$ cat final_14.cif   # mmCIF, C-alpha atoms
data_work
#
loop_
_atom_site.group_PDB
_atom_site.id
_atom_site.type_symbol
_atom_site.label_atom_id
_atom_site.label_comp_id
_atom_site.auth_asym_id
_atom_site.auth_seq_id
_atom_site.Cartn_x
_atom_site.Cartn_y
_atom_site.Cartn_z
ATOM 1 C CA MET Q 1 94.720 121.775 201.472
ATOM 2 C CA LYS Q 2 93.705 119.375 198.718
ATOM 3 C CA LYS Q 3 95.048 120.085 195.272
ATOM 4 C CA LEU Q 4 92.720 120.394 192.321
ATOM 5 C CA LEU Q 5 93.255 117.703 189.717
ATOM 6 C CA VAL Q 6 92.584 118.341 186.035
ATOM 7 C CA SER Q 7 91.717 115.094 184.289
ATOM 8 C CA PRO Q 8 92.040 114.423 180.566
ATOM 9 C CA SER Q 9 89.035 114.785 178.250
ATOM 10 C CA PRO Q 10 86.219 113.961 177.892
ATOM 11 C CA HIS Q 11 84.911 116.469 180.438
ATOM 12 C CA ILE Q 12 81.230 115.737 180.945
ATOM 13 C CA HIS Q 13 78.935 118.084 182.861
ATOM 14 C CA GLY Q 14 75.452 117.188 183.990
ATOM 15 C CA LYS Q 15 73.633 114.029 184.972
ATOM 16 C CA GLU Q 16 75.187 111.917 182.207
ATOM 17 C CA ASN Q 17 78.224 109.786 182.942
ATOM 18 C CA THR Q 18 80.685 107.808 180.872
ATOM 19 C CA ARG Q 19 78.812 104.548 181.315
ATOM 20 C CA ASN Q 20 75.500 105.973 180.069
ATOM 21 C CA LEU Q 21 77.088 107.665 177.068
ATOM 22 C CA MET Q 22 79.005 104.562 176.068
ATOM 23 C CA ARG Q 23 75.864 102.457 176.484
ATOM 24 C CA ASP Q 24 74.071 104.757 174.037
ATOM 25 C CA VAL Q 25 76.856 104.210 171.487
ATOM 26 C CA VAL Q 26 76.415 100.442 171.892
ATOM 27 C CA ILE Q 27 72.667 100.851 171.316
ATOM 28 C CA ALA Q 28 73.354 102.959 168.201
ATOM 29 C CA LEU Q 29 75.535 100.152 166.830
ATOM 30 C CA LEU Q 30 72.868 97.482 167.371
ATOM 31 C CA PRO Q 31 70.997 98.081 164.057
ATOM 32 C CA THR Q 32 74.240 97.517 162.134
ATOM 33 C CA VAL Q 33 75.106 94.454 164.218
ATOM 34 C CA ALA Q 34 71.581 93.072 163.750
ATOM 35 C CA VAL Q 35 71.669 93.537 159.963
ATOM 36 C CA SER Q 36 75.102 91.906 159.747
ATOM 37 C CA ILE Q 37 73.865 88.883 161.730
ATOM 38 C CA TYR Q 38 70.735 88.678 159.566
ATOM 39 C CA CYS Q 39 72.821 88.726 156.385
ATOM 40 C CA PHE Q 40 75.915 86.784 157.438
ATOM 41 C CA GLY Q 41 74.450 84.570 160.153
ATOM 42 C CA LEU Q 42 76.643 82.894 162.750
ATOM 43 C CA SER Q 43 79.829 84.255 161.158
ATOM 44 C CA ALA Q 44 78.889 87.834 162.055
ATOM 45 C CA LEU Q 45 77.635 86.834 165.504
ATOM 46 C CA LYS Q 46 80.896 84.994 166.195
ATOM 47 C CA LEU Q 47 82.989 88.010 165.217
ATOM 48 C CA ALA Q 48 80.940 90.322 167.424
ATOM 49 C CA LEU Q 49 81.180 88.010 170.442
ATOM 50 C CA VAL Q 50 84.899 87.340 169.995
ATOM 51 C CA GLY Q 51 85.649 91.044 169.570
ATOM 52 C CA VAL Q 52 83.700 92.093 172.655
ATOM 53 C CA LEU Q 53 84.906 89.268 174.912
ATOM 54 C CA ALA Q 54 88.536 89.660 173.840
ATOM 55 C CA CYS Q 55 88.589 93.427 174.379
ATOM 56 C CA VAL Q 56 86.863 93.186 177.767
ATOM 57 C CA ALA Q 57 89.205 90.381 178.882
ATOM 58 C CA VAL Q 58 92.362 92.202 177.785
ATOM 59 C CA GLU Q 59 91.323 95.408 179.559
ATOM 60 C CA TYR Q 60 90.402 93.505 182.736
ATOM 61 C CA VAL Q 61 93.695 91.609 182.875
ATOM 62 C CA ILE Q 62 95.828 94.697 182.249
ATOM 63 C CA ALA Q 63 93.951 96.884 184.751
ATOM 64 C CA LYS Q 64 93.708 94.199 187.439
ATOM 65 C CA PHE Q 65 97.060 92.449 187.297
ATOM 66 C CA MET Q 66 99.486 94.724 185.427
ATOM 67 C CA LEU Q 67 98.526 98.317 186.221
ATOM 68 C CA LYS Q 68 96.753 97.340 189.463
ATOM 69 C CA THR Q 69 94.213 100.109 189.002
ATOM 70 C CA LYS Q 70 90.435 100.256 189.116
ATOM 71 C CA VAL Q 71 88.851 97.885 186.608
ATOM 72 C CA THR Q 72 86.760 99.893 184.161
ATOM 73 C CA VAL Q 73 85.295 97.210 181.899
ATOM 74 C CA CYS Q 74 81.784 98.046 183.121
ATOM 75 C CA ASP Q 75 81.850 101.454 181.395
ATOM 76 C CA TYR Q 76 81.160 99.793 177.995
ATOM 77 C CA SER Q 77 84.182 101.424 176.314
ATOM 78 C CA ALA Q 78 85.871 98.048 175.750
ATOM 79 C CA VAL Q 79 82.570 96.680 174.424
ATOM 80 C CA ILE Q 80 82.435 99.483 171.854
ATOM 81 C CA THR Q 81 86.026 98.831 170.798
ATOM 82 C CA GLY Q 82 85.270 95.132 170.349
ATOM 83 C CA LEU Q 83 82.128 95.785 168.311
ATOM 84 C CA LEU Q 84 83.819 98.361 166.087
ATOM 85 C CA LEU Q 85 86.796 96.099 165.485
ATOM 86 C CA ALA Q 86 84.487 93.191 164.583
ATOM 87 C CA LEU Q 87 82.537 95.443 162.204
ATOM 88 C CA ASN Q 88 85.760 96.538 160.491
ATOM 89 C CA VAL Q 89 87.142 93.149 159.453
ATOM 90 C CA PRO Q 90 86.093 90.735 156.666
ATOM 91 C CA ILE Q 91 83.360 88.309 157.656
ATOM 92 C CA ASN Q 92 85.675 85.280 157.230
ATOM 93 C CA THR Q 93 88.347 86.624 159.580
ATOM 94 C CA PRO Q 94 89.634 83.825 161.879
ATOM 95 C CA TRP Q 95 88.832 84.322 165.558
ATOM 96 C CA TRP Q 96 92.494 84.345 166.567
ATOM 97 C CA VAL Q 97 93.220 87.253 164.217
ATOM 98 C CA LEU Q 98 90.465 89.254 165.891
ATOM 99 C CA VAL Q 99 91.938 88.396 169.303
ATOM 100 C CA ILE Q 100 95.313 89.750 168.193
ATOM 101 C CA GLY Q 101 93.620 92.909 166.969
ATOM 102 C CA SER Q 102 91.851 93.247 170.316
ATOM 103 C CA ILE Q 103 95.136 92.922 172.208
ATOM 104 C CA VAL Q 104 96.674 95.682 170.086
ATOM 105 C CA ALA Q 105 93.575 97.891 170.311
ATOM 106 C CA ILE Q 106 93.182 97.678 174.087
ATOM 107 C CA GLY Q 107 96.678 96.793 175.261
ATOM 108 C CA VAL Q 108 98.675 99.117 173.015
ATOM 109 C CA ALA Q 109 96.368 101.896 171.834
ATOM 110 C CA LYS Q 110 94.365 102.340 175.045
ATOM 111 C CA MET Q 111 95.888 100.952 178.240
ATOM 112 C CA THR Q 112 99.472 101.906 177.360
ATOM 113 C CA PHE Q 113 98.395 105.553 177.522
ATOM 114 C CA GLY Q 114 96.626 105.068 180.845
ATOM 115 C CA GLY Q 115 93.164 103.870 179.860
ATOM 116 C CA LEU Q 116 89.947 105.599 178.862
ATOM 117 C CA GLY Q 117 90.289 109.333 178.417
ATOM 118 C CA GLN Q 118 94.043 109.348 177.890
ATOM 119 C CA ASN Q 119 94.626 107.508 174.614
ATOM 120 C CA LEU Q 120 95.708 109.581 171.632
ATOM 121 C CA PHE Q 121 94.461 107.280 168.865
ATOM 122 C CA ASN Q 122 91.156 105.488 168.376
ATOM 123 C CA PRO Q 123 91.796 101.946 169.711
ATOM 124 C CA ALA Q 124 89.562 100.100 167.225
ATOM 125 C CA LEU Q 125 91.251 101.795 164.269
ATOM 126 C CA VAL Q 126 94.716 101.057 165.619
ATOM 127 C CA GLY Q 127 93.724 97.400 165.890
ATOM 128 C CA ARG Q 128 92.276 97.361 162.371
ATOM 129 C CA VAL Q 129 95.288 99.042 160.747
ATOM 130 C CA PHE Q 130 97.646 96.699 162.619
ATOM 131 C CA LEU Q 131 95.728 93.692 161.255
ATOM 132 C CA LEU Q 132 95.641 95.172 157.748
ATOM 133 C CA ILE Q 133 99.417 95.569 157.725
ATOM 134 C CA SER Q 134 100.165 92.273 159.487
ATOM 135 C CA PHE Q 135 97.622 90.032 157.728
ATOM 136 C CA PRO Q 136 96.976 91.680 154.344
ATOM 137 C CA VAL Q 137 95.659 88.500 152.688
ATOM 138 C CA ILE Q 138 93.145 87.766 155.442
ATOM 139 C CA MET Q 139 92.105 91.404 155.732
ATOM 140 C CA THR Q 140 91.373 91.649 152.011
ATOM 141 C CA ASP Q 141 89.520 88.351 151.655
ATOM 142 C CA TRP Q 142 85.939 89.473 151.010
ATOM 143 C CA SER Q 143 84.503 86.048 150.230
ATOM 144 C CA VAL Q 144 81.091 85.387 151.771
ATOM 145 C CA PRO Q 145 80.286 82.060 153.498
ATOM 146 C CA ALA Q 146 77.752 79.822 151.781
ATOM 147 C CA ASP Q 147 75.389 79.716 154.787
ATOM 148 C CA THR Q 148 74.340 83.370 154.535
ATOM 149 C CA LEU Q 149 71.477 85.392 153.113
ATOM 150 C CA PHE Q 150 73.565 85.981 149.992
ATOM 151 C CA ASP Q 151 74.821 83.494 147.471
ATOM 152 C CA ALA Q 152 78.446 82.627 148.102
ATOM 153 C CA VAL Q 153 80.540 85.272 146.383
ATOM 154 C CA SER Q 154 84.142 86.340 146.420
ATOM 155 C CA GLY Q 155 86.051 89.291 145.141
ATOM 156 C CA SER Q 156 86.845 92.876 146.014
ATOM 157 C CA THR Q 157 84.677 95.555 147.521
ATOM 158 C CA PRO Q 158 83.327 98.249 145.165
ATOM 159 C CA LEU Q 159 86.278 100.449 146.113
ATOM 160 C CA GLY Q 160 88.696 97.622 145.359
ATOM 161 C CA ILE Q 161 86.994 96.805 142.066
ATOM 162 C CA VAL Q 162 87.241 100.433 140.957
ATOM 163 C CA LYS Q 163 90.897 100.668 142.001
ATOM 164 C CA GLU Q 164 91.789 97.447 140.151
ATOM 165 C CA GLY Q 165 89.808 98.435 137.063
ATOM 166 C CA LEU Q 166 91.397 101.852 136.778
ATOM 167 C CA ALA Q 167 94.848 100.259 137.179
ATOM 168 C CA LYS Q 168 94.032 98.050 134.160
ATOM 169 C CA GLY Q 169 93.165 101.080 132.062
ATOM 170 C CA LEU Q 170 89.375 100.754 132.207
ATOM 171 C CA THR Q 171 87.095 103.773 132.578
ATOM 172 C CA LEU Q 172 84.559 104.138 135.371
ATOM 173 C CA SER Q 173 81.695 103.693 132.910
ATOM 174 C CA GLN Q 174 83.107 100.337 131.861
ATOM 175 C CA ILE Q 175 83.733 99.276 135.475
ATOM 176 C CA TYR Q 176 80.219 100.236 136.584
ATOM 177 C CA ALA Q 177 78.649 98.455 133.608
ATOM 178 C CA GLU Q 178 80.631 95.241 134.127
ATOM 179 C CA ASN Q 179 79.744 95.062 137.843
ATOM 180 C CA ASN Q 180 76.188 96.442 137.723
ATOM 181 C CA PHE Q 181 76.968 99.156 140.259
ATOM 182 C CA SER Q 182 74.031 101.327 141.341
ATOM 183 C CA TYR Q 183 73.393 103.752 144.188
ATOM 184 C CA ALA Q 184 70.528 101.590 145.465
ATOM 185 C CA GLN Q 185 72.911 98.631 145.627
ATOM 186 C CA MET Q 186 75.407 100.699 147.631
ATOM 187 C CA LEU Q 187 72.795 101.312 150.337
ATOM 188 C CA PHE Q 188 72.767 97.585 150.987
ATOM 189 C CA THR Q 189 75.886 95.866 149.708
ATOM 190 C CA ARG Q 190 76.816 92.208 149.973
ATOM 191 C CA ILE Q 191 80.606 92.453 149.816
ATOM 192 C CA GLY Q 192 82.655 94.078 152.550
ATOM 193 C CA SER Q 193 82.967 94.052 156.299
ATOM 194 C CA ALA Q 194 79.936 93.603 158.552
ATOM 195 C CA GLY Q 195 80.001 97.335 159.256
ATOM 196 C CA GLU Q 196 79.664 98.205 155.575
ATOM 197 C CA ILE Q 197 76.638 96.041 154.838
ATOM 198 C CA SER Q 198 73.882 98.619 155.425
ATOM 199 C CA ALA Q 199 74.168 102.391 155.090
ATOM 200 C CA ILE Q 200 70.609 102.743 156.377
ATOM 201 C CA ALA Q 201 71.413 100.939 159.649
ATOM 202 C CA LEU Q 202 74.434 103.194 160.193
ATOM 203 C CA LEU Q 203 72.369 106.321 159.530
ATOM 204 C CA LEU Q 204 69.763 105.130 162.048
ATOM 205 C CA GLY Q 205 72.534 104.897 164.617
ATOM 206 C CA PHE Q 206 73.683 108.405 163.707
ATOM 207 C CA VAL Q 207 70.186 109.809 164.233
ATOM 208 C CA TYR Q 208 69.930 108.038 167.591
ATOM 209 C CA LEU Q 209 73.235 109.514 168.781
ATOM 210 C CA LEU Q 210 72.119 113.005 167.740
ATOM 211 C CA VAL Q 211 68.719 112.684 169.400
ATOM 212 C CA ARG Q 212 70.330 111.431 172.611
ATOM 213 C CA ARG Q 213 72.915 114.236 172.330
ATOM 214 C CA VAL Q 214 75.736 111.756 172.670
ATOM 215 C CA ILE Q 215 77.629 113.385 169.800
ATOM 216 C CA ARG Q 216 77.472 116.684 167.971
ATOM 217 C CA PRO Q 217 77.097 116.662 164.180
ATOM 218 C CA HIS Q 218 80.056 118.921 163.373
ATOM 219 C CA ILE Q 219 82.679 116.219 162.731
ATOM 220 C CA THR Q 220 80.480 113.832 160.756
ATOM 221 C CA LEU Q 221 78.858 116.519 158.603
ATOM 222 C CA SER Q 222 82.183 118.260 157.920
ATOM 223 C CA ILE Q 223 83.643 114.929 156.751
ATOM 224 C CA TRP Q 224 80.677 114.327 154.452
ATOM 225 C CA GLY Q 225 80.725 117.899 153.162
ATOM 226 C CA THR Q 226 84.448 117.777 152.434
ATOM 227 C CA VAL Q 227 84.134 114.412 150.677
ATOM 228 C CA ILE Q 228 81.278 115.753 148.544
ATOM 229 C CA VAL Q 229 83.126 118.939 147.569
ATOM 230 C CA PHE Q 230 86.614 117.464 147.050
ATOM 231 C CA SER Q 231 85.552 114.299 145.238
ATOM 232 C CA GLY Q 232 82.979 116.347 143.301
ATOM 233 C CA ILE Q 233 85.681 118.662 141.964
ATOM 234 C CA LEU Q 234 87.810 115.700 140.867
ATOM 235 C CA TRP Q 235 84.803 113.967 139.335
ATOM 236 C CA LEU Q 236 83.794 117.069 137.350
ATOM 237 C CA CYS Q 237 87.364 117.355 136.066
ATOM 238 C CA ASN Q 238 87.400 113.737 134.835
ATOM 239 C CA PRO Q 239 84.284 111.612 135.465
ATOM 240 C CA GLU Q 240 85.907 108.568 133.856
ATOM 241 C CA GLN Q 241 88.843 108.465 136.256
ATOM 242 C CA PHE Q 242 87.501 109.829 139.543
ATOM 243 C CA THR Q 243 84.529 108.472 141.484
ATOM 244 C CA ASP Q 244 81.544 110.706 142.212
ATOM 245 C CA PRO Q 245 80.584 112.053 145.676
ATOM 246 C CA ILE Q 246 77.668 109.673 146.294
ATOM 247 C CA PHE Q 247 79.847 106.656 145.530
ATOM 248 C CA ASN Q 248 82.438 107.893 148.021
ATOM 249 C CA LEU Q 249 79.861 108.478 150.745
ATOM 250 C CA LEU Q 250 78.122 105.113 150.444
ATOM 251 C CA THR Q 251 81.052 102.758 149.884
ATOM 252 C CA GLY Q 252 83.700 101.373 152.196
ATOM 253 C CA GLY Q 253 83.932 102.407 155.801
ATOM 254 C CA MET Q 254 83.002 106.055 155.214
ATOM 255 C CA LEU Q 255 79.760 106.022 157.211
ATOM 256 C CA LEU Q 256 81.008 103.720 159.971
ATOM 257 C CA GLY Q 257 84.199 105.735 160.413
ATOM 258 C CA SER Q 258 82.638 109.199 160.234
ATOM 259 C CA ILE Q 259 79.753 108.392 162.581
ATOM 260 C CA PHE Q 260 81.250 106.116 165.221
ATOM 261 C CA MET Q 261 85.042 106.470 165.188
ATOM 262 C CA ALA Q 262 85.868 110.017 164.161
ATOM 263 C CA THR Q 263 83.433 111.295 166.818
ATOM 264 C CA ASP Q 264 85.158 109.464 169.676
ATOM 265 C CA TYR Q 265 85.238 111.881 172.634
ATOM 266 C CA VAL Q 266 88.829 111.198 173.623
ATOM 267 C CA THR Q 267 90.487 111.372 170.213
ATOM 268 C CA SER Q 268 88.561 114.283 168.663
ATOM 269 C CA PRO Q 269 88.629 118.065 169.335
ATOM 270 C CA MET Q 270 86.481 119.607 172.063
ATOM 271 C CA GLU Q 271 85.219 122.781 170.360
ATOM 272 C CA PRO Q 272 82.987 123.127 167.249
ATOM 273 C CA LYS Q 273 85.623 125.070 165.285
ATOM 274 C CA GLY Q 274 88.204 122.393 166.020
ATOM 275 C CA MET Q 275 85.713 119.648 165.147
ATOM 276 C CA ILE Q 276 85.159 121.187 161.720
ATOM 277 C CA ILE Q 277 88.906 121.463 161.064
ATOM 278 C CA PHE Q 278 89.262 117.858 162.199
ATOM 279 C CA GLY Q 279 86.467 116.659 159.899
ATOM 280 C CA VAL Q 280 87.732 118.601 156.891
ATOM 281 C CA GLY Q 281 91.177 117.080 157.349
ATOM 282 C CA ILE Q 282 89.729 113.557 157.501
ATOM 283 C CA GLY Q 283 87.668 114.140 154.365
ATOM 284 C CA ILE Q 284 90.599 115.484 152.340
ATOM 285 C CA ILE Q 285 93.017 112.729 153.411
ATOM 286 C CA THR Q 286 90.424 110.023 152.740
ATOM 287 C CA ILE Q 287 89.825 111.147 149.163
ATOM 288 C CA LEU Q 288 93.556 111.618 148.534
ATOM 289 C CA ILE Q 289 94.220 108.026 149.616
ATOM 290 C CA ARG Q 290 91.242 106.612 147.712
ATOM 291 C CA GLU Q 291 92.020 108.396 144.463
ATOM 292 C CA PHE Q 292 95.816 108.579 144.483
ATOM 293 C CA GLY Q 293 97.035 106.074 147.085
ATOM 294 C CA ALA Q 294 97.807 102.376 146.986
ATOM 295 C CA TYR Q 295 94.884 101.381 149.235
ATOM 296 C CA PRO Q 296 91.324 101.544 147.923
ATOM 297 C CA GLU Q 297 90.060 102.691 151.337
ATOM 298 C CA GLY Q 298 91.407 105.631 153.311
ATOM 299 C CA ILE Q 299 89.061 106.569 156.156
ATOM 300 C CA SER Q 300 90.939 104.544 158.814
ATOM 301 C CA PHE Q 301 94.313 106.085 157.992
ATOM 302 C CA ALA Q 302 92.744 109.555 157.712
ATOM 303 C CA ILE Q 303 91.172 109.392 161.179
ATOM 304 C CA LEU Q 304 94.386 108.129 162.792
ATOM 305 C CA ILE Q 305 96.441 110.867 161.118
ATOM 306 C CA MET Q 306 94.014 113.532 162.306
ATOM 307 C CA ASN Q 307 93.930 111.967 165.804
ATOM 308 C CA ALA Q 308 97.576 112.978 166.076
ATOM 309 C CA THR Q 309 96.671 116.616 165.382
ATOM 310 C CA VAL Q 310 93.970 116.868 168.061
ATOM 311 C CA PRO Q 311 96.250 118.278 170.821
ATOM 312 C CA LEU Q 312 97.397 120.987 168.405
ATOM 313 C CA ILE Q 313 93.825 121.726 167.270
ATOM 314 C CA ASN Q 314 92.656 121.975 170.893
ATOM 315 C CA MET Q 315 95.512 124.363 171.622
ATOM 316 C CA PHE Q 316 94.366 126.856 168.987
ATOM 317 C CA CYS Q 317 90.612 126.271 169.187
ATOM 318 C CA LYS Q 318 89.876 127.019 172.823
ATOM 319 C CA PRO Q 319 86.489 128.098 174.185
ATOM 320 C CA LYS Q 320 86.084 131.758 175.144
ATOM 321 C CA ARG Q 321 87.007 132.273 178.782
ATOM 322 C CA PHE Q 322 84.090 132.971 181.086
ATOM 323 C CA GLY Q 323 83.629 136.714 181.541
ATOM 324 C CA LYS Q 324 85.826 137.696 178.607
ATOM 325 C CA GLU Q 325 84.417 140.500 176.480
ATOM 326 C CA ALA Q 326 83.594 139.688 172.863
ATOM 327 C CA LYS Q 327 85.597 141.666 170.312
#

$ encode --input "final_14.cif" --output "structure tokens"
Amino acid sequence: MKKLLVSPSPHIHGKENTRNLMRDVVIALLPTVAVSIYCFGLSALKLALVGVLACVAVEYVIAKFMLKTKVTVCDYSAVITGLLLALNVPINTPWWVLVIGSIVAIGVAKMTFGGLGQNLFNPALVGRVFLLISFPVIMTDWSVPADTLFDAVSGSTPLGIVKEGLAKGLTLSQIYAENNFSYAQMLFTRIGSAGEISAIALLLGFVYLLVRRVIRPHITLSIWGTVIVFSGILWLCNPEQFTDPIFNLLTGGMLLGSIFMATDYVTSPMEPKGMIIFGVGIGIITILIREFGAYPEGISFAILIMNATVPLINMFCKPKRFGKEAK
């Protein structure tokens, strides 16, 4: 008699399959990729191509020649990892740095655990954090090439500017006035990674994923709600030292991380209650790092920390067994 095998999540029921779902995520990322190419030109296109090709190549080589298992590069998961990694690095990042990040993302964070469906941490975020720790100068160089839609500029992101200003003893009012910060500007910024350039493009991708039922809104909305409440409390306590909720939602990698990386099937909880706990944890850790930590950004670290809690969350947030009476 054949034994029943229980495979790791995601468990998908219905006519959809992994390839179709992953393809929809790629489509949802296209508005952000298109805006980044429009604004940054060939630099953004080069990063996207290098990220995708490197991730696909690394996964193919490991599956084919090292693990000697079925090659799964056609399921688009490596493509997503490559795009997300490219959208998470500064626009001037050398191609070889992105290749190293791709090797870590696919080779260490994904294939070491057995491939798609078995990794504990989001591969793109593991690659980004590895690059941030290994190449801090490159990963914090936000200068913009001269051949772009914007005038050539250099400096920190809004989060970095605020962090540096507060460290010098300035108030937020002074920092905002000196840098002409506005909420309209934050919807379409010119300094940051390619994935931070347009909040509107990211939100379009979010709507697409919801309409296609690729993701559920629980994680993303719980992150946003927690960020609004927690940062709002701090801001009301001292508006000259703590940034307001809208600033925290629109700056840095908040939207990219909460929409496309925190909602990863494999590394997030399976049930709505667990998803909310997961999102609340990400929101709290992100604000703690932004306001009290050494790094101006915190969403990447927050998601990875909460990734480690997913097995525990799934253990305590199980679906009701079929046929069990409600209490």

$ resolve_selection --input "final_14.cif" --expression "the PyMOL selection byres ((chain Q and resi 77-87) around 7)" --output "JSON list (two decimals) with C-alpha atoms, in the coordinates of the input"
[["chain", "number", "residue", "atom", "x", "y", "z"],
["Q", 22, "MET", "CA", 79.00, 104.56, 176.07],
["Q", 26, "VAL", "CA", 76.42, 100.44, 171.89],
["Q", 47, "LEU", "CA", 82.99, 88.01, 165.22],
["Q", 48, "ALA", "CA", 80.94, 90.32, 167.42],
["Q", 51, "GLY", "CA", 85.65, 91.04, 169.57],
["Q", 52, "VAL", "CA", 83.70, 92.09, 172.66],
["Q", 55, "CYS", "CA", 88.59, 93.43, 174.38],
["Q", 56, "VAL", "CA", 86.86, 93.19, 177.77],
["Q", 73, "VAL", "CA", 85.30, 97.21, 181.90],
["Q", 75, "ASP", "CA", 81.85, 101.45, 181.40],
["Q", 76, "TYR", "CA", 81.16, 99.79, 178.00],
["Q", 88, "ASN", "CA", 85.76, 96.54, 160.49],
["Q", 89, "VAL", "CA", 87.14, 93.15, 159.45],
["Q", 102, "SER", "CA", 91.85, 93.25, 170.32],
["Q", 123, "PRO", "CA", 91.80, 101.95, 169.71],
["Q", 124, "ALA", "CA", 89.56, 100.10, 167.22],
["Q", 128, "ARG", "CA", 92.28, 97.36, 162.37],
["Q", 193, "SER", "CA", 82.97, 94.05, 156.30],
["Q", 194, "ALA", "CA", 79.94, 93.60, 158.55],
["Q", 195, "GLY", "CA", 80.00, 97.34, 159.26]]

$ atom_distance --input "final_14.cif" --atom1 "atom CA of Ala201 of chain Q" --atom2 "atom CA of Pro31 of chain Q"
5.3 Å

$ resolve_selection --input "final_14.cif" --expression "the PyMOL selection byres ((chain Q and resi 107) around 12)" --output "MDAnalysis selection string"
chainID Q and resid 54:63 66:67 78 81 99:106 108:116 119 123:124 126:127

$ resolve_selection --input "final_14.cif" --expression "the PyMOL selection byres ((chain Q and resi 313) around 9)" --output "list in words"
Pro269, Gly274, Met275, Ile277, Phe278, Thr309, Val310, Pro311, Leu312, Asn314, Met315, Phe316, Cys317 and Lys318 of chain Q

$ atom_distance --input "final_14.cif" --atom1 "atom CA of Thr220 of chain Q" --atom2 "atom CA of Ala34 of chain Q"
22.8 Å

$ atom_distance --input "final_14.cif" --atom1 "atom CA of Pro239 of chain Q" --atom2 "atom CA of Ile282 of chain Q"
22.8 Å

$ residues_around --input "final_14.cif" --residues "segment 291-302 of chain Q" --least-positions-apart "5" --cutoff "8 Å" --atoms "all atoms listed in the file" --output "number ranges by chain"
Q: 125, 129, 159-160, 163, 242, 252-254, 257, 281-283, 285-286

$ closest_residue --input "final_14.cif" --among "Q:Ile175, Q:Thr18, Q:Leu304, Q:Lys64" --to "Phe130 of chain Q" --atoms "all atoms listed in the file"
Q:Leu304

$ closest_residue --input "final_14.cif" --among "Q:Leu53, Q:Ala184, Q:Thr171, Q:Arg216" --to "Met270 of chain Q" --atoms "all atoms listed in the file"
Q:Arg216

$ closest_residue --input "final_14.cif" --among "Q:Gln241, Q:Asn180, Q:Ser198, Q:Ser258" --to "Ile223 of chain Q" --atoms "all atoms listed in the file"
Q:Ser258

$ residues_around --input "final_14.cif" --residues "Asn179 of chain Q" --least-positions-apart "3" --cutoff "9 Å" --atoms "all atoms listed in the file" --output "count of residues only"
5

$ closest_residue --input "final_14.cif" --among "Q:Leu209, Q:Gly279, Q:Ser268, Q:Leu202" --to "Gly225 of chain Q" --atoms "all atoms listed in the file"
Q:Gly279
